[in-house]
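**Student:** Sharing a structure, written as structure tokens. Questions coming.
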Amino acid sequence: MSHKVDLESAIPFADVELEKRLRDRQITAPYFSGQTETGHNITVTSATAHPDLEDSSRIIAQQVGALLTTKDGTELTVTAQAGDMDGSFQEVILDGNVEILTSAGFTIETDEMTFSLEDARAETAGQVTAQSALGQLNAGRMALRPSGENNEIYLFFTKGVHLVYTPQTTTR
């Protein structure tokens, strides 16, 4: 025996939210993934995305996340409040509380970062703060890019790098 479902009470949208979704062009929970020519996997997600009203070739996203998995299994997880992506999906500018977590134990914070999806490169627009097992690092800029024979991903800190080394305490 089946029960009758009241569809009016089953939809959890307020009238205002429903009207906004119908009026605005927006995608909820979009994601895309791909692989660079050198074999690094990249996935980008967001809570919402919509075309830029001033430049329809650009996409504006909120609550952006990215996962870069290198050929050797190293992972970098990136989150930001917002992102601005070009229409060819080659580059995303992450903005607002950008945080990078690495499987090597680094937590890196900055205000803005440009992430190239074509070749797994990234560069901050300014100051970065990083925490790791070594201690706290501050730098004027940071770049992430493939380097070397195997195109391994490296982090490069530049423009006045300061490391406050915090030795690990050991008990004997």
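Residues in the structure tokens are named by chain (A, B, ... in the order shown) and by number from 1 within that chain; ligands are numbered from 1 in the order shown.
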Determine which residues of stretch 38-99 of chain A receive a DSSP assignment of strand (DSSP E or B), computed from the backbone, and state them as a PyMOL selection string.

**Tutor:** chain A and resi 41-51+58-69+75-86+91-99

**Student:** Would you pick out the contacts of stretch 42-44 of chain A at 7 Å or less, using only C-alpha atoms, so that residues sharing its chain but fewer than 4 positions from it are not included, and give the list as a list in words?

**Tutor:**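 Here the qualifying residues turn out to be Tyr31, Phe32, Ser33, Gly34, Gln35, Gly65, Ala66, Leu67, Leu68 and Thr69 of chain A.
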
**Student:** Write to file, as a CSV table (one decimal), in the first residue's frame, the residues of the selection just made, with N, CA and C atoms.

**Tutor:**
```csv
chain,number,residue,atom,x,y,z
A,31,TYR,N,31.0,20.9,-10.8
A,31,TYR,CA,32.4,20.5,-10.7
A,31,TYR,C,32.9,20.1,-12.0
A,32,PHE,N,34.2,20.1,-12.2
A,32,PHE,CA,34.8,19.5,-13.4
A,32,PHE,C,36.1,19.0,-13.0
A,33,SER,N,36.6,18.0,-13.7
A,33,SER,CA,37.9,17.4,-13.4
A,33,SER,C,38.6,17.1,-14.8
A,34,GLY,N,39.9,17.0,-14.7
A,34,GLY,CA,40.7,16.7,-15.8
A,34,GLY,C,42.1,16.3,-15.4
A,35,GLN,N,42.9,16.1,-16.4
A,35,GLN,CA,44.3,15.6,-16.2
A,35,GLN,C,45.2,16.5,-17.1
A,65,GLY,N,36.4,24.9,-4.2
A,65,GLY,CA,37.4,23.9,-3.7
A,65,GLY,C,38.1,23.3,-4.9
A,66,ALA,N,39.3,23.0,-4.7
A,66,ALA,CA,40.1,22.3,-5.8
A,66,ALA,C,41.0,21.2,-5.1
A,67,LEU,N,41.1,20.2,-5.9
A,67,LEU,CA,42.0,19.1,-5.4
A,67,LEU,C,43.0,18.8,-6.5
A,68,LEU,N,44.3,18.9,-6.2
A,68,LEU,CA,45.3,18.5,-7.2
A,68,LEU,C,46.0,17.3,-6.7
A,69,THR,N,45.9,16.2,-7.4
A,69,THR,CA,46.6,14.9,-7.1
A,69,THR,C,47.7,14.7,-8.1
```

**Student:** Set the distance at 8 Å and use only C-alpha atoms: which residues neighbour A:Tyr165 once local chain neighbours fewer than 4 positions away are removed? I'd like the list as a ChimeraX atom specification.

**Tutor:** /A:134-136

**Student:** Give me a file of those residues, with C-alpha atoms, as a tab-separated table (two decimals), in the first residue's frame.

**Tutor:**
```tsv
chain	number	residue	atom	x	y	z
A	134	LEU	CA	59.14	22.96	10.84
A	135	GLY	CA	57.30	25.97	12.25
A	136	GLN	CA	55.75	29.11	10.75
```

**Student:** Work out how far atom CA of A:Ala139 is from atom CA of A:His162, in Å to one decimal.

**Tutor:**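 According to the coordinates, atom CA of A:His162 and atom CA of A:Ala139 are separated by 6.3 Å.
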
**Student:** From a DSSP calculation on the backbone, collect every residue of chain A in alpha helix (DSSP H) and output the set as a list in words.

**Tutor:** Leu7, Glu8, Ser9, Ala10, Asp15, Val16, Glu17, Leu18, Glu19, Lys20, Arg21, Leu22 and Arg23 of chain A

**Student:** For the selection just defined, write its residues with N, CA, C and O atoms to a file, as a PDB file, in the first residue's frame.

**Tutor:**
```
ATOM      1  N   LEU A   7       3.318  17.102  -2.078  1.00  0.00           N
ATOM      2  CA  LEU A   7       4.459  17.737  -2.734  1.00  0.00           C
ATOM      3  C   LEU A   7       4.672  19.178  -2.284  1.00  0.00           C
ATOM      4  O   LEU A   7       5.789  19.673  -2.297  1.00  0.00           O
ATOM      5  N   GLU A   8       3.651  19.872  -1.898  1.00  0.00           N
ATOM      6  CA  GLU A   8       3.786  21.250  -1.443  1.00  0.00           C
ATOM      7  C   GLU A   8       4.654  21.337  -0.189  1.00  0.00           C
ATOM      8  O   GLU A   8       5.488  22.209  -0.062  1.00  0.00           O
ATOM      9  N   SER A   9       4.462  20.423   0.750  1.00  0.00           N
ATOM     10  CA  SER A   9       5.227  20.482   1.993  1.00  0.00           C
ATOM     11  C   SER A   9       6.573  19.773   1.859  1.00  0.00           C
ATOM     12  O   SER A   9       7.445  19.932   2.702  1.00  0.00           O
ATOM     13  N   ALA A  10       6.807  19.007   0.812  1.00  0.00           N
ATOM     14  CA  ALA A  10       8.047  18.261   0.638  1.00  0.00           C
ATOM     15  C   ALA A  10       9.170  19.101   0.054  1.00  0.00           C
ATOM     16  O   ALA A  10      10.329  18.730   0.133  1.00  0.00           O
ATOM     17  N   ASP A  15       9.695  30.939  -0.682  1.00  0.00           N
ATOM     18  CA  ASP A  15       9.246  31.586  -1.916  1.00  0.00           C
ATOM     19  C   ASP A  15      10.298  32.537  -2.481  1.00  0.00           C
ATOM     20  O   ASP A  15      10.528  32.581  -3.679  1.00  0.00           O
ATOM     21  N   VAL A  16      10.972  33.290  -1.609  1.00  0.00           N
ATOM     22  CA  VAL A  16      11.984  34.259  -2.053  1.00  0.00           C
ATOM     23  C   VAL A  16      13.148  33.525  -2.713  1.00  0.00           C
ATOM     24  O   VAL A  16      13.640  33.925  -3.768  1.00  0.00           O
ATOM     25  N   GLU A  17      13.616  32.445  -2.107  1.00  0.00           N
ATOM     26  CA  GLU A  17      14.740  31.687  -2.670  1.00  0.00           C
ATOM     27  C   GLU A  17      14.347  31.067  -4.013  1.00  0.00           C
ATOM     28  O   GLU A  17      15.127  31.081  -4.963  1.00  0.00           O
ATOM     29  N   LEU A  18      13.145  30.549  -4.103  1.00  0.00           N
ATOM     30  CA  LEU A  18      12.683  29.941  -5.347  1.00  0.00           C
ATOM     31  C   LEU A  18      12.598  30.992  -6.462  1.00  0.00           C
ATOM     32  O   LEU A  18      13.037  30.744  -7.585  1.00  0.00           O
ATOM     33  N   GLU A  19      12.077  32.172  -6.149  1.00  0.00           N
ATOM     34  CA  GLU A  19      12.006  33.246  -7.139  1.00  0.00           C
ATOM     35  C   GLU A  19      13.398  33.656  -7.608  1.00  0.00           C
ATOM     36  O   GLU A  19      13.628  33.879  -8.791  1.00  0.00           O
ATOM     37  N   LYS A  20      14.353  33.736  -6.674  1.00  0.00           N
ATOM     38  CA  LYS A  20      15.732  34.112  -7.021  1.00  0.00           C
ATOM     39  C   LYS A  20      16.349  33.061  -7.947  1.00  0.00           C
ATOM     40  O   LYS A  20      16.995  33.387  -8.934  1.00  0.00           O
ATOM     41  N   ARG A  21      16.155  31.799  -7.657  1.00  0.00           N
ATOM     42  CA  ARG A  21      16.713  30.729  -8.495  1.00  0.00           C
ATOM     43  C   ARG A  21      16.100  30.733  -9.895  1.00  0.00           C
ATOM     44  O   ARG A  21      16.774  30.432 -10.865  1.00  0.00           O
ATOM     45  N   LEU A  22      14.836  31.062  -9.990  1.00  0.00           N
ATOM     46  CA  LEU A  22      14.188  31.115 -11.295  1.00  0.00           C
ATOM     47  C   LEU A  22      14.650  32.323 -12.107  1.00  0.00           C
ATOM     48  O   LEU A  22      14.789  32.264 -13.324  1.00  0.00           O
ATOM     49  N   ARG A  23      14.921  33.446 -11.427  1.00  0.00           N
ATOM     50  CA  ARG A  23      15.327  34.680 -12.096  1.00  0.00           C
ATOM     51  C   ARG A  23      16.801  34.656 -12.510  1.00  0.00           C
ATOM     52  O   ARG A  23      17.157  35.071 -13.601  1.00  0.00           O
TER      53      ARG A  23
END
```

**Student:** Interatomic distance between atom CA of A:Thr110 and atom CA of A:Ala47?

**Tutor:** 20.6 Å

**Student:** Restricting the calculation to only C-alpha atoms: of A:Leu76, A:Leu155, A:Ala122, A:Ala82, which residue gets closest to A:Ser103?

**Tutor:**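 Between A:Leu76, A:Leu155, A:Ala122, A:Ala82, the residue approaching A:Ser103 most closely is A:Leu76.
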
**Student:** Residues within 9 Å of A:Arg121, please, as a list in words. Count only C-alpha atoms; anything in the same chain fewer than 4 positions from it doesn't count.

**Tutor:**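 Counting only the stated atoms, we get Thr114, Phe115, Ser116, Leu117, Ala143, Leu144, Arg145, Pro146 and Ile153 of chain A.
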
**Student:** Kindly indicate which residue among A:Met113, A:Val78, A:Leu101, A:Met85 lies nearest to A:Asp55, using only C-alpha atoms for the distances.

**Tutor:**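 When distances to A:Asp55 are compared using only C-alpha atoms, the smallest one comes from A:Met85.
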
**Student:** With a distance cut-off of 10 Å and only C-alpha atoms, select the neighbouring residues of A:Thr38, excluding the residue or stretch itself and same-chain residues fewer than 4 positions from it, and output the selection as number ranges by chain.

**Tutor:** A: 70-71, 118-120, 146, 150-152

**Student:** How far is it from atom CA of A:Ile27 to atom CA of A:Gly96, in Å with one decimal?

**Tutor:**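 A separation of 20.6 Å between them.
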
**Student:** Write out as an MDAnalysis selection string each polymer residue whose atoms come within 12 Å of A:Ala130, counting only C-alpha atoms; drop sequence neighbours fewer than 2 positions from it.

**Tutor:** chainID A and resid 98:102 105:110 127:128 132:142 155:157 161:165

**Student:** Write the residues of the selection above to a file with C-alpha atoms, as a compact mmCIF listing (two decimals), in the first residue's frame.

**Tutor:**
```txt
# COMPACT_ATOMS: atom_id res chain seq x y z
CA VAL A 98 42.44 31.00 0.31
CA GLU A 99 43.73 27.95 2.17
CA ILE A 100 46.02 25.26 0.77
CA LEU A 101 46.47 21.97 2.64
CA THR A 102 49.18 19.60 1.45
CA GLY A 105 51.67 18.66 6.26
CA PHE A 106 51.68 22.31 5.13
CA THR A 107 48.75 24.65 5.79
CA ILE A 108 49.16 27.77 3.66
CA GLU A 109 46.93 30.87 3.79
CA THR A 110 46.72 33.87 1.48
CA GLN A 127 51.61 37.59 1.30
CA VAL A 128 51.39 33.97 2.44
CA SER A 132 54.24 22.98 9.01
CA ALA A 133 56.16 20.62 11.28
CA LEU A 134 59.14 22.96 10.84
CA GLY A 135 57.30 25.97 12.25
CA GLN A 136 55.75 29.11 10.75
CA LEU A 137 56.80 30.56 7.42
CA ASN A 138 55.90 34.01 6.07
CA ALA A 139 56.69 35.12 2.53
CA GLY A 140 55.77 37.87 0.10
CA ARG A 141 54.66 35.38 -2.57
CA MET A 142 54.30 31.69 -3.26
CA LEU A 155 56.19 25.00 -3.70
CA PHE A 156 58.42 28.05 -4.11
CA PHE A 157 58.35 30.81 -1.47
CA VAL A 161 60.91 34.56 3.32
CA HIS A 162 60.96 34.28 7.13
CA LEU A 163 60.90 30.91 8.86
CA VAL A 164 60.44 30.64 12.61
CA TYR A 165 61.73 27.14 13.30
```
